[in-house]
$ cat input34.cif   # mmCIF, C-alpha atoms
data_upload
loop_
_atom_site.label_atom_id
_atom_site.label_comp_id
_atom_site.auth_asym_id
_atom_site.auth_seq_id
_atom_site.Cartn_x
_atom_site.Cartn_y
_atom_site.Cartn_z
CA GLY A 3 -88.56 40.78 6.22
CA ALA A 4 -86.67 42.31 9.09
CA VAL A 5 -86.73 40.38 12.32
CA VAL A 6 -84.75 42.89 14.37
CA SER A 7 -85.83 46.50 14.42
CA GLN A 8 -83.53 49.28 15.57
CA HIS A 9 -84.66 52.82 16.25
CA PRO A 10 -83.81 55.55 15.51
CA SER A 11 -81.80 55.07 12.35
CA ARG A 12 -80.19 58.47 12.72
CA VAL A 13 -79.89 60.85 15.63
CA ILE A 14 -78.07 64.10 16.15
CA CYS A 15 -77.64 65.38 19.67
CA LYS A 16 -75.76 68.07 21.50
CA SER A 17 -72.73 67.35 23.61
CA GLY A 18 -73.70 66.54 27.18
CA THR A 19 -77.11 65.11 26.41
CA SER A 20 -78.17 61.48 26.52
CA VAL A 21 -79.45 59.39 23.65
CA LYS A 22 -81.43 56.17 23.80
CA ILE A 23 -81.34 53.56 21.05
CA GLU A 24 -83.88 50.74 20.95
CA CYS A 25 -83.45 47.25 19.60
CA ARG A 26 -86.49 45.01 19.20
CA SER A 27 -86.89 41.43 18.12
CA LEU A 28 -90.06 41.47 16.06
CA ASP A 29 -91.47 37.96 16.09
CA PHE A 30 -89.27 36.04 18.44
CA GLN A 31 -88.01 36.31 21.97
CA ALA A 32 -84.40 37.11 22.66
CA THR A 33 -83.02 36.65 26.14
CA THR A 34 -79.71 37.93 24.85
CA MET A 35 -78.92 40.78 22.50
CA PHE A 36 -75.61 42.23 21.41
CA TRP A 37 -74.52 45.79 20.84
CA TYR A 38 -71.79 46.63 18.36
CA ARG A 39 -70.08 49.87 17.44
CA GLN A 40 -68.54 50.65 14.08
CA PHE A 41 -66.25 53.56 13.32
CA PRO A 42 -65.83 54.71 9.71
CA LYS A 43 -63.88 52.19 7.66
CA GLN A 44 -63.39 50.07 10.76
CA SER A 45 -64.73 46.75 11.88
CA LEU A 46 -67.74 46.14 14.07
CA MET A 47 -66.62 46.01 17.69
CA LEU A 48 -68.65 44.15 20.26
CA MET A 49 -69.49 46.53 23.08
CA ALA A 50 -71.68 44.50 25.36
CA THR A 51 -74.03 41.59 25.75
CA SER A 52 -77.49 42.52 26.94
CA ASN A 53 -79.15 39.93 29.18
CA GLU A 54 -82.85 39.92 29.95
CA GLY A 55 -83.39 39.95 33.68
CA SER A 56 -79.78 40.55 34.63
CA LYS A 57 -76.94 42.97 34.16
CA ALA A 58 -75.29 43.46 30.83
CA THR A 59 -71.83 42.09 30.22
CA TYR A 60 -69.43 44.69 28.88
CA GLU A 61 -66.35 44.09 26.79
CA GLN A 62 -63.01 45.27 28.05
CA GLY A 63 -62.54 48.98 27.61
CA VAL A 64 -66.23 49.81 27.31
CA GLU A 65 -67.46 52.18 30.02
CA LYS A 66 -70.58 50.70 31.57
CA ASP A 67 -71.58 54.03 33.12
CA LYS A 68 -71.27 55.67 29.76
CA PHE A 69 -73.21 53.10 27.77
CA LEU A 70 -76.19 52.02 29.83
CA ILE A 71 -77.91 48.88 28.66
CA ASN A 72 -81.33 47.77 29.77
CA HIS A 73 -82.95 44.58 28.58
CA ALA A 74 -86.46 45.51 29.59
CA SER A 75 -88.28 42.55 28.09
CA LEU A 76 -87.75 39.47 25.99
CA THR A 77 -88.11 41.57 22.85
CA LEU A 78 -86.48 44.88 23.78
CA SER A 79 -83.00 46.05 24.65
CA THR A 80 -81.99 49.68 24.92
CA LEU A 81 -78.60 51.35 24.76
CA THR A 82 -78.35 54.80 26.31
CA VAL A 83 -75.31 56.88 25.55
CA THR A 84 -75.06 59.18 28.54
CA SER A 85 -73.47 62.62 28.54
CA ALA A 86 -72.58 62.19 24.92
CA HIS A 87 -69.43 63.69 23.49
CA PRO A 88 -68.33 64.12 19.87
CA GLU A 89 -66.04 61.10 20.19
CA ASP A 90 -69.13 58.97 20.83
CA SER A 91 -70.27 59.70 17.29
CA SER A 92 -70.40 56.36 15.59
CA PHE A 93 -72.61 53.71 14.06
CA TYR A 94 -74.26 51.47 16.64
CA ILE A 95 -75.70 48.11 15.62
CA CYS A 96 -77.66 45.61 17.65
CA SER A 97 -78.14 41.93 17.01
CA ALA A 98 -80.23 39.17 18.48
CA PRO A 99 -79.90 35.41 18.18
CA ARG A 100 -82.90 33.47 17.02
CA THR A 101 -82.87 29.91 18.26
CA ASP A 102 -86.27 28.69 17.18
CA GLN A 103 -85.30 27.74 13.67
CA GLY A 104 -83.61 24.72 12.21
CA ASN A 105 -80.10 24.20 10.91
CA GLY A 106 -78.90 26.31 8.04
CA VAL A 107 -80.84 29.40 9.13
CA SER A 108 -78.91 32.30 10.56
CA PRO A 109 -79.13 32.31 14.32
CA LEU A 110 -78.01 35.94 14.58
CA HIS A 111 -80.05 38.78 13.14
CA PHE A 112 -78.87 42.36 12.91
CA GLY A 113 -80.66 45.65 13.18
CA ASN A 114 -80.18 48.31 10.55
CA GLY A 115 -77.98 50.35 12.81
CA THR A 116 -78.15 53.85 14.32
CA ARG A 117 -75.95 56.66 13.12
CA LEU A 118 -75.21 58.87 16.13
CA THR A 119 -73.73 62.31 15.62
CA VAL A 120 -72.82 64.36 18.65
CA THR A 121 -72.28 68.04 17.98
CA ALA B 6 -57.28 37.57 22.33
CA GLN B 7 -58.98 36.69 19.10
CA ARG B 8 -58.37 38.60 15.92
CA VAL B 9 -59.73 38.48 12.39
CA THR B 10 -57.77 39.93 9.50
CA GLN B 11 -59.13 40.75 6.08
CA PRO B 12 -56.14 42.11 4.18
CA GLU B 13 -58.05 43.61 1.26
CA LYS B 14 -60.26 46.65 1.77
CA LEU B 15 -61.44 46.57 -1.82
CA LEU B 16 -61.51 43.82 -4.39
CA SER B 17 -62.61 44.44 -7.96
CA VAL B 18 -63.22 41.60 -10.39
CA PHE B 19 -64.94 41.25 -13.74
CA LYS B 20 -68.21 39.43 -14.07
CA GLY B 21 -67.58 35.74 -14.61
CA ALA B 22 -64.14 35.83 -13.04
CA PRO B 23 -63.29 33.83 -9.92
CA VAL B 24 -63.42 35.55 -6.58
CA GLU B 25 -61.45 34.93 -3.41
CA LEU B 26 -61.86 37.09 -0.35
CA LYS B 27 -59.17 36.40 2.18
CA CYS B 28 -59.66 35.95 5.89
CA ASN B 29 -57.10 34.94 8.49
CA TYR B 30 -57.75 34.54 12.15
CA SER B 31 -55.91 34.31 15.42
CA TYR B 32 -57.48 32.44 18.30
CA SER B 33 -56.12 30.06 20.88
CA GLY B 34 -59.27 27.97 21.18
CA SER B 35 -61.39 26.14 18.66
CA PRO B 36 -63.07 28.84 16.61
CA GLU B 37 -66.32 28.99 14.76
CA LEU B 38 -65.98 31.05 11.58
CA PHE B 39 -68.59 32.95 9.59
CA TRP B 40 -68.92 35.13 6.56
CA TYR B 41 -71.44 37.97 6.74
CA VAL B 42 -72.52 40.11 3.81
CA GLN B 43 -74.00 43.57 3.63
CA TYR B 44 -75.59 44.61 0.36
CA SER B 45 -76.06 48.28 -0.40
CA ARG B 46 -78.54 49.89 2.00
CA GLN B 47 -79.32 46.58 3.65
CA ARG B 48 -78.52 45.14 7.03
CA LEU B 49 -75.78 42.69 7.80
CA GLN B 50 -76.77 39.09 7.15
CA LEU B 51 -75.17 35.72 7.44
CA LEU B 52 -73.76 34.28 4.23
CA LEU B 53 -72.31 31.04 5.54
CA ARG B 54 -70.73 29.35 8.52
CA HIS B 55 -67.92 26.85 8.45
CA ILE B 56 -69.66 24.17 10.47
CA SER B 57 -72.45 23.95 7.91
CA ARG B 58 -70.01 23.20 5.10
CA GLU B 59 -72.56 24.52 2.63
CA SER B 60 -72.52 26.61 -0.51
CA ILE B 61 -74.66 29.72 -0.46
CA LYS B 62 -75.21 31.78 -3.62
CA GLY B 63 -72.31 29.89 -5.13
CA PHE B 64 -69.92 30.88 -2.35
CA THR B 65 -67.90 28.39 -0.34
CA ALA B 66 -65.37 28.75 2.43
CA ASP B 67 -63.12 26.11 3.93
CA LEU B 68 -61.60 26.39 7.35
CA ASN B 69 -57.86 25.70 7.16
CA LYS B 70 -56.62 25.35 10.71
CA GLY B 71 -53.02 24.92 9.61
CA GLU B 72 -53.02 28.25 7.86
CA THR B 73 -55.63 29.75 10.22
CA SER B 74 -57.60 30.88 7.21
CA PHE B 75 -61.22 30.92 6.13
CA HIS B 76 -61.15 32.35 2.62
CA LEU B 77 -64.40 32.93 0.76
CA LYS B 78 -64.50 31.73 -2.83
CA LYS B 79 -66.81 31.77 -5.81
CA PRO B 80 -65.85 30.43 -9.22
CA PHE B 81 -67.83 32.93 -11.30
CA ALA B 82 -68.63 36.36 -9.91
CA GLN B 83 -71.99 37.97 -10.60
CA GLU B 84 -72.89 41.65 -10.50
CA GLU B 85 -75.29 41.03 -7.64
CA ASP B 86 -72.36 39.80 -5.56
CA SER B 87 -71.13 43.37 -5.19
CA ALA B 88 -71.32 44.05 -1.46
CA MET B 89 -69.34 44.41 1.73
CA TYR B 90 -68.14 41.09 3.14
CA TYR B 91 -67.13 40.54 6.74
CA CYS B 92 -65.35 37.54 8.14
CA ALA B 93 -66.21 36.84 11.77
CA LEU B 94 -65.10 34.52 14.53
CA SER B 95 -67.04 33.24 17.48
CA ARG B 96 -65.23 32.31 20.66
CA SER B 97 -65.52 28.67 21.58
CA GLY B 98 -68.29 28.03 24.05
CA ALA B 99 -69.99 31.32 23.28
CA GLY B 100 -72.31 29.94 20.66
CA SER B 101 -72.58 31.80 17.41
CA TYR B 102 -73.32 35.14 18.93
CA GLN B 103 -70.35 36.95 20.44
CA LEU B 104 -68.53 37.72 17.26
CA THR B 105 -65.21 39.30 16.45
CA PHE B 106 -65.33 40.85 13.00
CA GLY B 107 -62.69 41.63 10.44
CA LYS B 108 -62.63 45.09 8.90
CA GLY B 109 -64.44 43.91 5.84
CA THR B 110 -63.72 43.70 2.13
CA LYS B 111 -65.75 45.57 -0.41
CA LEU B 112 -66.30 43.43 -3.46
CA SER B 113 -67.04 45.22 -6.70
CA VAL B 114 -68.03 43.11 -9.69
CA ILE B 115 -67.48 44.94 -12.93
CA PRO B 116 -70.01 44.18 -15.69
#

$ encode --input "input34.cif" --output "structure tokens"
Amino acid sequence: GAVVSQHPSRVICKSGTSVKIECRSLDFQATTMFWYRQFPKQSLMLMATSNEGSKATYEQGVEKDKFLINHASLTLSTLTVTSAHPEDSSFYICSAPRTDQGNGVSPLHFGNGTRLTVT
Amino acid sequence: AQRVTQPEKLLSVFKGAPVELKCNYSYSGSPELFWYVQYSRQRLQLLLRHISRESIKGFTADLNKGETSFHLKKPFAQEEDSAMYYCALSRSGAGSYQLTFGKGTKLSVIP
């Protein structure tokens, strides 16, 4: 079953509003989570690394004031797209590493993604 | 900067035919390479990683540092292999988590 839950799966918002996306690790603790963005027919691009108890680390070119990340607990990271614009419309995916399993098991688990449409 | 190139957007093969999905990378350090797969309406999941040197679902991939390639191969394609495949690279020292992905190749296995 799923070990990383992402919510909502789809959201439509008006330009200028803010949208919050949640990423939860379901049965393990994740001190680090990762947020990716995927444009249509493009690759997944790492946006930022979410760190529990400290500030997120953003990739070059990603506006930290635009994409607010809060790692509120060991099982929850949120991405808030502030003052959304149509160009922010995209598919956002979170992932969390699971380090409590042995070799051969995937250490990185992905959420199902959130389709954001800004009108 | 690191880069992962998957030259084929779509690859169609007949059931039982061999499959090779190409992946080339560019990275100045010592990379860790992965193949991820996304089946229809499912989330992205790890297929295999080069350090494990394992075969998963009949797929293998060998890291060729001379050619900077990490092609994914399977001798006999099955219909259930139809999916989107992403090659990914992890920066050295970053563990297996901060990944750079290729654009993906959609594999279609024709019955």

$ interface_residues --input "input34.cif" --of "chain B" --to "chain A" --cutoff "12 Å" --atoms "all atoms listed in the file" --output "ChimeraX atom specification"
/B:6,8-11,14-15,39-61,89-95,99-111

$ residues_around --input "input34.cif" --residues "Phe93 of chain A" --least-positions-apart "4" --cutoff "7 Å" --atoms "only C-alpha atoms" --output "list in words"
Arg39, Gln40, Phe41, Gly115, Thr116, Arg117 and Leu118 of chain A

$ closest_residue --input "input34.cif" --among "B:Glu13, B:Glu37, B:Glu25, B:Asp67" --to "Lys79 of chain B" --atoms "all atoms listed in the file"
B:Glu25

$ residues_near_point --input "input34.cif" --point "(-87.6, 42.8, 28.9)" --cutoff "9 Å" --atoms "all atoms listed in the file" --output "PyMOL selection string"
chain A and resi 33+53-55+72-79

$ resolve_selection --input "input34.cif" --expression "the PyMOL selection byres ((chain A and resi 19) around 12)" --output "mmCIF file with C-alpha atoms, in the coordinates of the input"
data_model
loop_
_atom_site.group_PDB
_atom_site.id
_atom_site.type_symbol
_atom_site.label_atom_id
_atom_site.label_comp_id
_atom_site.auth_asym_id
_atom_site.auth_seq_id
_atom_site.Cartn_x
_atom_site.Cartn_y
_atom_site.Cartn_z
ATOM 1 C CA VAL A 13 -79.890 60.850 15.630
ATOM 2 C CA ILE A 14 -78.070 64.100 16.150
ATOM 3 C CA CYS A 15 -77.640 65.380 19.670
ATOM 4 C CA LYS A 16 -75.760 68.070 21.500
ATOM 5 C CA SER A 17 -72.730 67.350 23.610
ATOM 6 C CA GLY A 18 -73.700 66.540 27.180
ATOM 7 C CA SER A 20 -78.170 61.480 26.520
ATOM 8 C CA VAL A 21 -79.450 59.390 23.650
ATOM 9 C CA LYS A 22 -81.430 56.170 23.800
ATOM 10 C CA LYS A 68 -71.270 55.670 29.760
ATOM 11 C CA THR A 82 -78.350 54.800 26.310
ATOM 12 C CA VAL A 83 -75.310 56.880 25.550
ATOM 13 C CA THR A 84 -75.060 59.180 28.540
ATOM 14 C CA SER A 85 -73.470 62.620 28.540
ATOM 15 C CA ALA A 86 -72.580 62.190 24.920
ATOM 16 C CA HIS A 87 -69.430 63.690 23.490
ATOM 17 C CA PRO A 88 -68.330 64.120 19.870
ATOM 18 C CA ASP A 90 -69.130 58.970 20.830
ATOM 19 C CA THR A 119 -73.730 62.310 15.620
ATOM 20 C CA VAL A 120 -72.820 64.360 18.650
ATOM 21 C CA THR A 121 -72.280 68.040 17.980
#

$ resolve_selection --input "input34.cif" --expression "the PyMOL selection byres ((chain B and resi 69) around 12)" --output "JSON, numbers by chain"
{"B": [27, 28, 29, 30, 36, 37, 38, 55, 66, 67, 68, 70, 71, 72, 73, 74, 75, 76, 77]}

$ atom_distance --input "input34.cif" --atom1 "atom CA of Gly34 of chain B" --atom2 "atom CA of Arg96 of chain B"
7.4 Å

$ atom_distance --input "input34.cif" --atom1 "atom CA of Gln31 of chain A" --atom2 "atom CA of Val64 of chain A"
26.2 Å

$ closest_residue --input "input34.cif" --among "A:Leu70, A:Leu81, A:Tyr60, A:Ser52" --to "Ile23 of chain A" --atoms "all atoms listed in the file"
A:Leu81

$ atom_distance --input "input34.cif" --atom1 "atom CA of Ser113 of chain B" --atom2 "atom CA of Lys78 of chain B"
14.3 Å
